[in-house]
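J.: One structure follows; several queries about it will come next.
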Amino acid sequence: MLQLKDITKSYKTGDFTQVALNKVSLNFRESEFVAILGQSGSGKTTLLNVIGGLDQYDSGELIINGQSTKHFQDGEWDAYRNNSVGFIFQSYNLISHLSIVDNVEMGMTLSGVSTSEKNRKAIEVLEKVGLKDHIHKKPNQLSGGQMQRVAIARALANNPDIILADEPTGALDSETSEQIMELIKTIAEDKLVIMVTHNPELAEQYADRVIKFSDGSSVSDTNPLATQKATSNYTLKKTSMNFLTALKLSGKNIATKKWRTGLTAFASSIGIIGIALILSLSNGFDKQISTYETGAMSNFPITISQSAMSVDVSDHAAMGGTDLPMYPTEKTLIPYDPTENSIIHTNVLTTEYLDYLDKIDPELMDGISYTRTVNLNMLKSDGEIASTVNKGNVSFSTYPSKQEDTSGSYLEQYYDVLEGSFPTKETDLVLIVDQYNRMNNAALDALGINYNVDSINLADLVGYELKLIKNDDFYKKNGEQFTVNGTASNLMDMYNNDEAITLNIVGVIREQEDSKMSTLPAGIAYSDELATHFIEDAKTSEIVKAQQEADYNVLTGQILSDDIAGSGMAGMTQAGMPSMDPSMAAAMAAAMPTTSTKEAILASLGATEIPTSVSLYPLDFGTKESITTYLDEWNTDLAEEDQVLYTDLAAIVTSISGGIMDGITMVLVAFAAISLVVSLIMISIITYISVMERTKEIGVLRALGARKKDITRVFNAETFIIGVCSGVLGIGITYLLTIPVNAILFNLTELSNVAQLNPIHAITLGIISVVLTMLGGFIPAKMAAKKDPVTALRSE
Ligand code: ADP
Ligand code: MG
């Protein structure tokens, strides 16, 4: 059945070659109890290892059931050990962290026997070796004899043809030895048992055949077999360990060192915690920023202004910018004219464009406001005498209104009424006070209110009346020039005239506390309808007609130059990145009607309905995008100079803040990633230690038929478990840490729930943790697989 032909095996250590087996030729019967006797070092163990396929012979031939093993591949040897051979060792070699049943089942597990079948067989063989009552114990709860019985059961479990026992009673007392020998003898009734022993009495007493070994060859044989019956129906069932078995095996191993595994997992989770916390903070800050954006910053309007803007084209070669290489190495300097790199763009607002703006879906906006430099002729009166309202000292602005709706939607959104109500009619005015409820002395003076007091009752201001006077009533021609029509007394007549339009201050309003940007300056605000109605009439007024023809200021007589330079400060402030509230700038420009160009004078007299700028107030960031898309559509087919460009201040602020956050996050994540590298190295060391500790187990598994791959799998499973633990631990701890972190941040900044771990980040980090730990354990796991099973079994 088993045939050895001239088997030679030698070991090389350095220059020295030790011949362990020297041309050994032996034939074995299908069932016999063979004892091998010989001095220590005579090659007995080597013979068993070669027969068992744990060690490879150098030359000769080993034939099993007529099948030569000469050309066996690794996988075939693995299957051979699993199917055909059962090992019994002197030191039992049980896997200590597995139960007795699991130990016995391992060989069957490797050859893919079903769970119920495995269990049935394991219990059957355990009964056979007399351990029926002990099957739920762990190996270390058994005596030496009992452990050897388990080992025998394990050797029998997969029903092999050959049982190889290397000094099975070497560690047992004589009484137990005899019991074990009895057991082995019964096994030999229907199997080939080859037992190495240095006890000649036991050999004489139990074995059918005694072979004496000396210096690597057999010197005597009590019952040799000359011819070998040729049988040839030998098939091997391939072995493999699935990942679940590997997990179970490593899980049980890890369970015996919970503290170490726990601490390792914790240590390697610190990197994960670091990154997860940083991500959750940046995630939270991003959310806070976008909440802030959609809240406060969405009331930043999109502004389309007539005034000149400089557009930097230095990065756009196509637009006339430079096509020079960046960071040149030449030691040369290139003179250039900076003005060539920026073009001054002037928006030309036309009535078509204004109509286009009017067609914006009102649902997208809180409102729309126009800045006009028209100077409304207003009179105030104390009941006795009337006087002109000196607009130069007061900030007059128009409040944003919805085109269709009743006005006030924007105001209602961002302003509180302190007294009175929001405006509802076009003749309604509102007073806007600043966050301290203050109002400029000059403004109060302009309205004829005594400002030499500590405070003024708001109720006294509501109901205050002004009169709006048409140009033709307000101005009278006086030779070549126009002057205000009359003295103090007939100003009162003008005030009381039916033609005069009564304006009422209907309320005092203030920006809401949480609206972080005020877009309307403190002062008096009126509706755009009022302005447009005034302009409608003013366009055809005498003074406007006269001014259109004159080359001098019809009010002052000052000669006008055609030069349009210095057309107001609105242009200057809007040229670069706006440094102040655009409406504020516009309002300041409006408050300076004395600008000297003819255009400006005409505009202040109400000659044109084209505003100097238009501000659109989007509802939120989503609708802002719809609006800007709509505005971009206008420019699609227009030449560069005919395009109408808008300013979106909020977008500038947002992109800056987002960029800073991204940068900080990246730096911090990079720092935290260093701790991941540290844990990678740590896992590598821990796995290496584990491989060292489990060397014996590796040998046992290999003896039972595990492939090299399966050994790698066992350690990969171990690092997988640690990786999962550290991932779960890291994410769990991070979730817990966000609670105190948020509490601290709330105390410091009053921002609530800043740290929020995104579940996608959590899952990703968990996966990263698993991948990294497995990466760390990969090399030690490969080393484990390469271990020679014989050396592994020898190790202590
Ligand atoms: P026995 O089991 O009869 O005591 P072994 O088969 O273990 O003897 O060893 C036979 C000879 O081979 C011994 O001289 C031993 O030192 C040598 N030997 C065994 N294994 C190795 C090895 N891995 N490397 C070098 N020499 C070895
Ligand atoms: Mg030996």
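For the structure tokens, the naming scheme is as follows: chains receive sequential letters (A, B, ...) according to their order of presentation, residues are indexed from 1 within each chain, and ligands are indexed from 1 in presentation order.
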Can you pull out the residues contacting Ser690 (chain A)? Cut-off 10 Å, using only C-alpha atoms, and skip same-chain residues under 6 positions away; I want them as a ChimeraX atom specification.
T.: /A:253-254,684,715,718,777,780-781,784
J.: Export N, CA, C and O atoms of the chosen residues as a compact mmCIF listing (two decimals), in the first residue's frame?
T.:
```
# COMPACT_ATOMS: atom_id res chain seq x y z
N ASN A 253 -8.81 32.60 18.85
CA ASN A 253 -7.45 32.90 19.33
C ASN A 253 -7.42 34.26 20.01
O ASN A 253 -6.89 34.41 21.11
N ILE A 254 -8.03 35.24 19.33
CA ILE A 254 -8.05 36.60 19.88
C ILE A 254 -8.80 36.63 21.21
O ILE A 254 -8.42 37.34 22.14
N SER A 684 1.59 45.78 12.36
CA SER A 684 2.56 44.90 11.74
C SER A 684 3.33 44.14 12.82
O SER A 684 3.52 42.92 12.73
N PHE A 715 -4.15 34.69 9.40
CA PHE A 715 -3.62 35.93 9.98
C PHE A 715 -4.29 37.16 9.39
O PHE A 715 -4.45 38.17 10.07
N GLU A 718 -7.17 37.57 11.41
CA GLU A 718 -6.86 38.18 12.70
C GLU A 718 -6.77 39.70 12.58
O GLU A 718 -7.37 40.44 13.36
N GLY A 777 -0.69 43.85 8.61
CA GLY A 777 -0.48 42.45 8.95
C GLY A 777 -0.08 41.59 7.77
O GLY A 777 0.21 40.41 7.92
N PRO A 780 3.68 39.98 7.82
CA PRO A 780 3.77 38.88 8.80
C PRO A 780 2.92 37.67 8.40
O PRO A 780 3.35 36.53 8.59
N ALA A 781 1.75 37.93 7.81
CA ALA A 781 0.89 36.81 7.41
C ALA A 781 1.54 35.99 6.30
O ALA A 781 1.47 34.75 6.28
N ALA A 784 4.21 33.89 7.81
CA ALA A 784 3.63 32.74 8.49
C ALA A 784 3.41 31.61 7.50
O ALA A 784 3.71 30.44 7.77
```
J.: Enumerate residues in contact with ligand 1: an atom-to-atom distance of at most 10 Å, counting only C-alpha atoms and all ligand atoms. Format the result as a PyMOL selection string.
T.: chain A and resi 9-14+16-21+36-50+55+166-167+196-198+213-216+788+790-791+794
J.: Neighbouring residues of Thr712 (chain A) were defined as those with any atom within 10 Å, considering only C-alpha atoms; residues of the same chain fewer than 4 positions away were excluded. Please report them as a count of residues only.
T.: 17
J.: Just list the residues in region 113-358 of chain A DSSP gives strand (DSSP E or B) on the backbone, as a tab-separated table (two decimals) with all heavy atoms, in the first residue's frame.
T.:
```tsv
chain	number	residue	atom	x	y	z
A	162	ILE	N	-3.14	6.07	6.65
A	162	ILE	CA	-1.92	5.91	7.42
A	162	ILE	C	-1.99	6.77	8.69
A	162	ILE	O	-2.37	7.94	8.62
A	162	ILE	CB	-0.70	6.38	6.60
A	162	ILE	CG1	-0.70	5.71	5.21
A	162	ILE	CG2	0.61	6.10	7.34
A	162	ILE	CD1	0.22	6.40	4.21
A	163	ILE	N	-1.62	6.16	9.82
A	163	ILE	CA	-1.48	6.94	11.05
A	163	ILE	C	0.01	6.98	11.38
A	163	ILE	O	0.66	5.93	11.44
A	163	ILE	CB	-2.25	6.29	12.22
A	163	ILE	CG1	-3.76	6.21	11.93
A	163	ILE	CG2	-1.98	7.04	13.53
A	163	ILE	CD1	-4.48	7.53	11.95
A	164	LEU	N	0.52	8.17	11.54
A	164	LEU	CA	1.93	8.33	11.87
A	164	LEU	C	2.04	8.85	13.30
A	164	LEU	O	1.49	9.91	13.60
A	164	LEU	CB	2.61	9.30	10.90
A	164	LEU	CG	2.52	8.90	9.42
A	164	LEU	CD1	3.02	10.04	8.52
A	164	LEU	CD2	3.32	7.63	9.16
A	165	ALA	N	2.73	8.11	14.16
A	165	ALA	CA	2.82	8.52	15.56
A	165	ALA	C	4.29	8.65	15.94
A	165	ALA	O	5.05	7.69	15.82
A	165	ALA	CB	2.11	7.51	16.44
A	166	ASP	N	4.67	9.84	16.35
A	166	ASP	CA	6.08	10.08	16.71
A	166	ASP	C	6.22	10.09	18.23
A	166	ASP	O	5.86	11.07	18.88
A	166	ASP	CB	6.54	11.41	16.12
A	166	ASP	CG	8.06	11.53	16.13
A	166	ASP	OD1	8.72	10.68	16.75
A	166	ASP	OD2	8.57	12.48	15.50
A	192	LEU	N	-2.81	1.31	8.45
A	192	LEU	CA	-1.37	1.22	8.61
A	192	LEU	C	-0.96	2.22	9.68
A	192	LEU	O	-1.23	3.41	9.55
A	192	LEU	CB	-0.69	1.54	7.28
A	192	LEU	CG	0.83	1.80	7.33
A	192	LEU	CD1	1.58	0.57	7.86
A	192	LEU	CD2	1.35	2.19	5.95
A	193	VAL	N	-0.35	1.70	10.77
A	193	VAL	CA	0.14	2.60	11.81
A	193	VAL	C	1.66	2.48	11.86
A	193	VAL	O	2.20	1.39	12.00
A	193	VAL	CB	-0.45	2.24	13.19
A	193	VAL	CG1	0.15	3.13	14.27
A	193	VAL	CG2	-1.96	2.38	13.17
A	194	ILE	N	2.33	3.63	11.68
A	194	ILE	CA	3.78	3.64	11.81
A	194	ILE	C	4.10	4.50	13.03
A	194	ILE	O	3.76	5.68	13.07
A	194	ILE	CB	4.46	4.21	10.56
A	194	ILE	CG1	4.02	3.42	9.30
A	194	ILE	CG2	5.98	4.17	10.69
A	194	ILE	CD1	4.48	4.03	8.00
A	195	MET	N	4.71	3.82	14.02
A	195	MET	CA	4.96	4.50	15.29
A	195	MET	C	6.46	4.51	15.59
A	195	MET	O	7.12	3.49	15.52
A	195	MET	CB	4.22	3.80	16.41
A	195	MET	CG	4.45	4.41	17.77
A	195	MET	SD	3.67	3.45	19.08
A	195	MET	CE	4.80	2.08	19.19
A	196	VAL	N	6.96	5.69	15.88
A	196	VAL	CA	8.34	5.81	16.30
A	196	VAL	C	8.38	5.70	17.82
A	196	VAL	O	7.54	6.31	18.50
A	196	VAL	CB	8.94	7.17	15.86
A	196	VAL	CG1	10.25	7.45	16.58
A	196	VAL	CG2	9.13	7.20	14.35
A	209	ARG	N	5.37	-5.49	13.76
A	209	ARG	CA	6.59	-5.48	12.98
A	209	ARG	C	7.49	-4.41	13.58
A	209	ARG	O	7.02	-3.31	13.87
A	209	ARG	CB	6.21	-5.16	11.54
A	209	ARG	CG	7.35	-4.98	10.58
A	209	ARG	CD	6.74	-4.64	9.21
A	209	ARG	NE	7.75	-4.29	8.24
A	209	ARG	CZ	7.48	-3.81	7.02
A	209	ARG	NH1	6.22	-3.61	6.64
A	209	ARG	NH2	8.45	-3.53	6.20
A	210	VAL	N	8.74	-4.74	13.79
A	210	VAL	CA	9.68	-3.77	14.35
A	210	VAL	C	10.81	-3.53	13.35
A	210	VAL	O	11.44	-4.45	12.87
A	210	VAL	CB	10.26	-4.26	15.71
A	210	VAL	CG1	11.27	-3.25	16.24
A	210	VAL	CG2	9.14	-4.48	16.71
A	211	ILE	N	11.00	-2.23	13.02
A	211	ILE	CA	12.08	-1.87	12.10
A	211	ILE	C	13.09	-1.08	12.91
A	211	ILE	O	12.76	-0.10	13.58
A	211	ILE	CB	11.55	-1.03	10.93
A	211	ILE	CG1	10.56	-1.87	10.10
A	211	ILE	CG2	12.70	-0.53	10.06
A	211	ILE	CD1	9.79	-1.08	9.06
A	212	LYS	N	14.35	-1.51	12.87
A	212	LYS	CA	15.40	-0.80	13.59
A	212	LYS	C	16.09	0.16	12.64
A	212	LYS	O	16.41	-0.18	11.50
A	212	LYS	CB	16.39	-1.80	14.20
A	212	LYS	CG	15.83	-2.55	15.41
A	212	LYS	CD	16.95	-2.82	16.45
A	212	LYS	CE	16.38	-3.35	17.75
A	212	LYS	NZ	16.31	-4.84	17.76
A	213	PHE	N	16.33	1.36	13.15
A	213	PHE	CA	16.93	2.41	12.34
A	213	PHE	C	18.27	2.81	12.92
A	213	PHE	O	18.45	2.92	14.13
A	213	PHE	CB	16.01	3.64	12.34
A	213	PHE	CG	15.55	4.03	10.98
A	213	PHE	CD1	14.67	3.22	10.29
A	213	PHE	CD2	16.02	5.19	10.37
A	213	PHE	CE1	14.24	3.57	9.02
A	213	PHE	CE2	15.60	5.55	9.11
A	213	PHE	CZ	14.70	4.74	8.42
A	214	SER	N	19.21	3.05	12.03
A	214	SER	CA	20.49	3.56	12.49
A	214	SER	C	21.10	4.39	11.38
A	214	SER	O	21.12	3.97	10.21
A	214	SER	CB	21.42	2.39	12.85
A	214	SER	OG	22.66	2.90	13.31
A	217	SER	N	19.24	4.76	7.98
A	217	SER	CA	18.74	3.66	7.18
A	217	SER	C	18.29	2.50	8.07
A	217	SER	O	18.71	2.40	9.23
A	217	SER	CB	19.79	3.19	6.16
A	217	SER	OG	21.02	3.04	6.80
A	218	SER	N	17.41	1.67	7.51
A	218	SER	CA	16.86	0.58	8.31
A	218	SER	C	17.90	-0.53	8.36
A	218	SER	O	18.47	-0.93	7.34
A	218	SER	CB	15.54	0.12	7.69
A	218	SER	OG	15.64	-1.16	7.17
A	219	VAL	N	18.13	-1.05	9.57
A	219	VAL	CA	19.15	-2.10	9.71
A	219	VAL	C	18.54	-3.46	9.99
A	219	VAL	O	19.18	-4.49	9.79
A	219	VAL	CB	20.19	-1.73	10.80
A	219	VAL	CG1	21.08	-0.58	10.32
A	219	VAL	CG2	19.51	-1.35	12.11
A	220	SER	N	17.27	-3.45	10.50
A	220	SER	CA	16.61	-4.75	10.64
A	220	SER	C	15.11	-4.57	10.53
A	220	SER	O	14.58	-3.48	10.77
A	220	SER	CB	16.97	-5.37	11.99
A	220	SER	OG	16.24	-4.74	13.02
A	221	ASP	N	14.44	-5.63	10.12
A	221	ASP	CA	12.99	-5.57	9.91
A	221	ASP	C	12.45	-6.94	10.28
A	221	ASP	O	12.85	-7.94	9.70
A	221	ASP	CB	12.71	-5.25	8.43
A	221	ASP	CG	11.26	-4.94	8.17
A	221	ASP	OD1	10.40	-5.35	9.00
A	221	ASP	OD2	10.97	-4.28	7.14
A	302	ILE	N	-27.68	90.74	-5.48
A	302	ILE	CA	-26.88	90.73	-6.71
A	302	ILE	C	-27.04	92.13	-7.28
A	302	ILE	O	-28.17	92.60	-7.46
A	302	ILE	CB	-27.43	89.70	-7.71
A	302	ILE	CG1	-27.40	88.31	-7.11
A	302	ILE	CG2	-26.67	89.77	-9.03
A	302	ILE	CD1	-28.19	87.30	-7.93
A	303	THR	N	-25.95	92.79	-7.56
A	303	THR	CA	-26.05	94.18	-7.97
A	303	THR	C	-25.58	94.35	-9.41
A	303	THR	O	-24.54	93.83	-9.79
A	303	THR	CB	-25.22	95.08	-7.03
A	303	THR	OG1	-25.66	94.84	-5.71
A	303	THR	CG2	-25.39	96.53	-7.37
A	304	ILE	N	-26.39	95.06	-10.15
A	304	ILE	CA	-26.02	95.39	-11.52
A	304	ILE	C	-25.93	96.90	-11.58
A	304	ILE	O	-26.91	97.59	-11.32
A	304	ILE	CB	-27.09	94.90	-12.52
A	304	ILE	CG1	-27.27	93.38	-12.36
A	304	ILE	CG2	-26.70	95.26	-13.94
A	304	ILE	CD1	-28.68	92.94	-12.50
A	305	SER	N	-24.72	97.37	-11.82
A	305	SER	CA	-24.50	98.80	-11.70
A	305	SER	C	-24.04	99.38	-13.01
A	305	SER	O	-23.32	98.74	-13.77
A	305	SER	CB	-23.46	99.04	-10.60
A	305	SER	OG	-23.19	100.41	-10.54
A	308	ALA	N	-18.51	101.95	-13.80
A	308	ALA	CA	-17.43	101.16	-14.40
A	308	ALA	C	-16.87	100.14	-13.41
A	308	ALA	O	-16.81	100.37	-12.22
A	308	ALA	CB	-16.33	102.11	-14.84
A	309	MET	N	-16.53	98.97	-13.93
A	309	MET	CA	-15.89	97.93	-13.12
A	309	MET	C	-14.61	97.57	-13.83
A	309	MET	O	-14.57	97.51	-15.05
A	309	MET	CB	-16.75	96.67	-13.08
A	309	MET	CG	-18.06	96.81	-12.38
A	309	MET	SD	-18.78	95.18	-12.22
A	309	MET	CE	-19.49	95.00	-13.82
A	310	SER	N	-13.58	97.26	-13.08
A	310	SER	CA	-12.40	96.78	-13.78
A	310	SER	C	-12.42	95.26	-13.75
A	310	SER	O	-12.67	94.64	-12.73
A	310	SER	CB	-11.13	97.35	-13.15
A	310	SER	OG	-10.75	96.55	-12.07
A	311	VAL	N	-12.22	94.68	-14.91
A	311	VAL	CA	-12.21	93.23	-15.03
A	311	VAL	C	-10.78	92.80	-15.29
A	311	VAL	O	-10.16	93.25	-16.24
A	311	VAL	CB	-13.13	92.77	-16.17
A	311	VAL	CG1	-13.10	91.26	-16.30
A	311	VAL	CG2	-14.54	93.28	-15.94
A	312	ASP	N	-10.25	91.98	-14.41
A	312	ASP	CA	-8.87	91.55	-14.54
A	312	ASP	C	-8.79	90.44	-15.59
A	312	ASP	O	-9.40	89.41	-15.47
A	312	ASP	CB	-8.37	91.03	-13.20
A	312	ASP	CG	-6.88	90.73	-13.24
A	312	ASP	OD1	-6.25	91.06	-14.26
A	312	ASP	OD2	-6.38	90.17	-12.25
A	342	SER	N	-6.07	94.98	-17.37
A	342	SER	CA	-7.44	94.99	-16.89
A	342	SER	C	-8.25	95.88	-17.81
A	342	SER	O	-7.76	96.90	-18.29
A	342	SER	CB	-7.51	95.49	-15.45
A	342	SER	OG	-7.03	96.80	-15.40
A	343	ILE	N	-9.43	95.46	-18.09
A	343	ILE	CA	-10.27	96.29	-18.94
A	343	ILE	C	-11.34	96.92	-18.08
A	343	ILE	O	-11.83	96.30	-17.13
A	343	ILE	CB	-10.88	95.48	-20.11
A	343	ILE	CG1	-11.55	94.22	-19.57
A	343	ILE	CG2	-9.85	95.15	-21.15
A	343	ILE	CD1	-12.38	93.50	-20.60
A	344	ILE	N	-11.63	98.14	-18.37
A	344	ILE	CA	-12.69	98.83	-17.64
A	344	ILE	C	-13.99	98.53	-18.37
A	344	ILE	O	-14.12	98.79	-19.56
A	344	ILE	CB	-12.44	100.35	-17.58
A	344	ILE	CG1	-11.10	100.65	-16.90
A	344	ILE	CG2	-13.60	101.05	-16.86
A	344	ILE	CD1	-11.03	100.25	-15.45
A	345	HIS	N	-14.88	97.91	-17.62
A	345	HIS	CA	-16.14	97.55	-18.26
A	345	HIS	C	-17.24	98.45	-17.73
A	345	HIS	O	-17.34	98.67	-16.54
A	345	HIS	CB	-16.48	96.09	-17.97
A	345	HIS	CG	-17.76	95.65	-18.61
A	345	HIS	ND1	-17.79	95.15	-19.88
A	345	HIS	CD2	-19.03	95.68	-18.16
A	345	HIS	CE1	-19.05	94.86	-20.20
A	345	HIS	NE2	-19.82	95.18	-19.17
A	346	THR	N	-18.03	98.97	-18.63
A	346	THR	CA	-19.17	99.79	-18.20
A	346	THR	C	-20.45	99.11	-18.66
A	346	THR	O	-20.60	98.79	-19.83
A	346	THR	CB	-19.07	101.21	-18.79
A	346	THR	OG1	-17.78	101.73	-18.51
A	346	THR	CG2	-20.13	102.11	-18.19
```
J.: Counting only C-alpha atoms, what is within 8 Å of region 113-124 of chain A, bar same-chain residues fewer than 4 positions away, as number ranges by chain?
T.: A: 101, 104-105, 108-109, 128, 132, 135, 153-154, 157
J.: Figure out the distance between CA of Pro789 (chain A) and CA of Val125 (chain A), please, to one decimal in Å.
T.: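 Between these atoms lies a distance of 25.6 Å.
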J.: Tell me, as a PyMOL selection string, which residues lie within 9 Å of Leu62 (chain A), counting only C-alpha atoms; anything in the same chain fewer than 5 positions away does not count.
T.: chain A and resi 2-7+50-51+57+67-70
J.: Suppose we keep C-alpha atoms; can you now write the selection as an mmCIF file, in the first residue's frame?
T.:
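So the final result, stored in again_31.cif, reads:
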```cif
data_model
loop_
_atom_site.group_PDB
_atom_site.id
_atom_site.type_symbol
_atom_site.label_atom_id
_atom_site.label_comp_id
_atom_site.auth_asym_id
_atom_site.auth_seq_id
_atom_site.Cartn_x
_atom_site.Cartn_y
_atom_site.Cartn_z
ATOM 1 C CA LEU A 2 2.816 2.365 0.912
ATOM 2 C CA GLN A 3 6.125 1.974 -0.779
ATOM 3 C CA LEU A 4 9.451 3.782 -0.172
ATOM 4 C CA LYS A 5 12.132 3.361 -2.801
ATOM 5 C CA ASP A 6 15.650 4.611 -2.081
ATOM 6 C CA ILE A 7 14.382 7.634 -0.190
ATOM 7 C CA VAL A 50 8.636 12.375 4.703
ATOM 8 C CA ILE A 51 5.982 9.666 4.752
ATOM 9 C CA TYR A 57 12.454 13.824 0.106
ATOM 10 C CA GLN A 67 0.432 6.452 -7.180
ATOM 11 C CA SER A 68 3.893 8.015 -7.260
ATOM 12 C CA THR A 69 4.262 11.245 -5.345
ATOM 13 C CA LYS A 70 7.301 12.315 -7.275
#
```
J.: Please, what distance in Å, to one decimal, runs between CA of Leu247 (chain A) and CA of Gly271 (chain A)?
T.: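 One can read the CA of Leu247 (chain A) to CA of Gly271 (chain A) distance as 24.7 Å.
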J.: For ligand 2, which of A:Ser679, A:Gln512, A:Phe89, A:Leu751 is the closest residue, counting only C-alpha atoms and all ligand atoms?
T.: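 When distances to ligand 2 are compared using only C-alpha atoms and all ligand atoms, the smallest one comes from A:Phe89.
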J.: For Asn452 (chain A), find every residue with an atom within 10 Å (counting only C-alpha atoms), except residues of its own chain fewer than 5 positions away, and show them as a list in words.
T.: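 The filter keeps Asn441, Leu444 and Asp445 of chain A.
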J.: Once you have the residues from the selection above, write them out as a short mmCIF file (atom, residue, chain, number, x, y, z; two decimals), in the first residue's frame, restricted to N, CA and C atoms.
T.:
```
data_model
loop_
_atom_site.label_atom_id
_atom_site.label_comp_id
_atom_site.auth_asym_id
_atom_site.auth_seq_id
_atom_site.Cartn_x
_atom_site.Cartn_y
_atom_site.Cartn_z
N ASN A 441 -27.96 113.30 13.44
CA ASN A 441 -28.50 114.63 13.76
C ASN A 441 -28.94 115.37 12.51
N LEU A 444 -32.19 114.30 11.20
CA LEU A 444 -33.29 114.80 12.01
C LEU A 444 -33.51 116.29 11.73
N ASP A 445 -32.39 116.99 11.60
CA ASP A 445 -32.46 118.42 11.32
C ASP A 445 -33.13 118.65 9.99
#
```
J.: Choose the residue, out of A:Leu793, A:Ala442, A:Ile711, A:Leu202, that has the smallest atom-to-atom separation from ligand 2; count only C-alpha atoms and all ligand atoms.
T.: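 Among A:Leu793, A:Ala442, A:Ile711, A:Leu202, it is A:Leu793 that comes nearest to ligand 2.
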J.: When you count only C-alpha atoms, which of these residues is closest to Leu110 (chain A): A:Tyr646, A:Phe243, A:Phe720, A:Phe422?
T.: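 Between A:Tyr646, A:Phe243, A:Phe720, A:Phe422, the residue approaching Leu110 (chain A) most closely is A:Phe243.
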J.: Record the distance separating CA of Ile432 (chain A) and CA of Ala525 (chain A), expressed in Å with one decimal.
T.: 7.2 Å
J.: Between A:Thr687, A:Gln548, A:Thr719, A:Ser615, which residue has the minimum interatomic distance to Ile368 (chain A), considering only C-alpha atoms?
T.: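 Smallest distance to Ile368 (chain A) is found for A:Ser615.
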J.: With distances taken over only C-alpha atoms, which of A:Asn497, A:Met692, A:Phe621, A:Val374 is nearest to Ile601 (chain A)?
T.: A:Val374
J.: Here is a test: counting only C-alpha atoms and all ligand atoms, which residue of A:Gly448, A:Pro168, A:Ile456, A:Phe33 is nearest to ligand 2?
T.: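 With only C-alpha atoms and all ligand atoms as the atom set, the closest residue is A:Pro168.
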J.: Near Leu668 (chain A), counting only C-alpha atoms, which residues have an atom at most 12 Å away, once you skip same-chain residues fewer than 2 positions from it, shown as a ChimeraX atom specification?
T.: /A:271,274-279,281-282,661-666,670-675
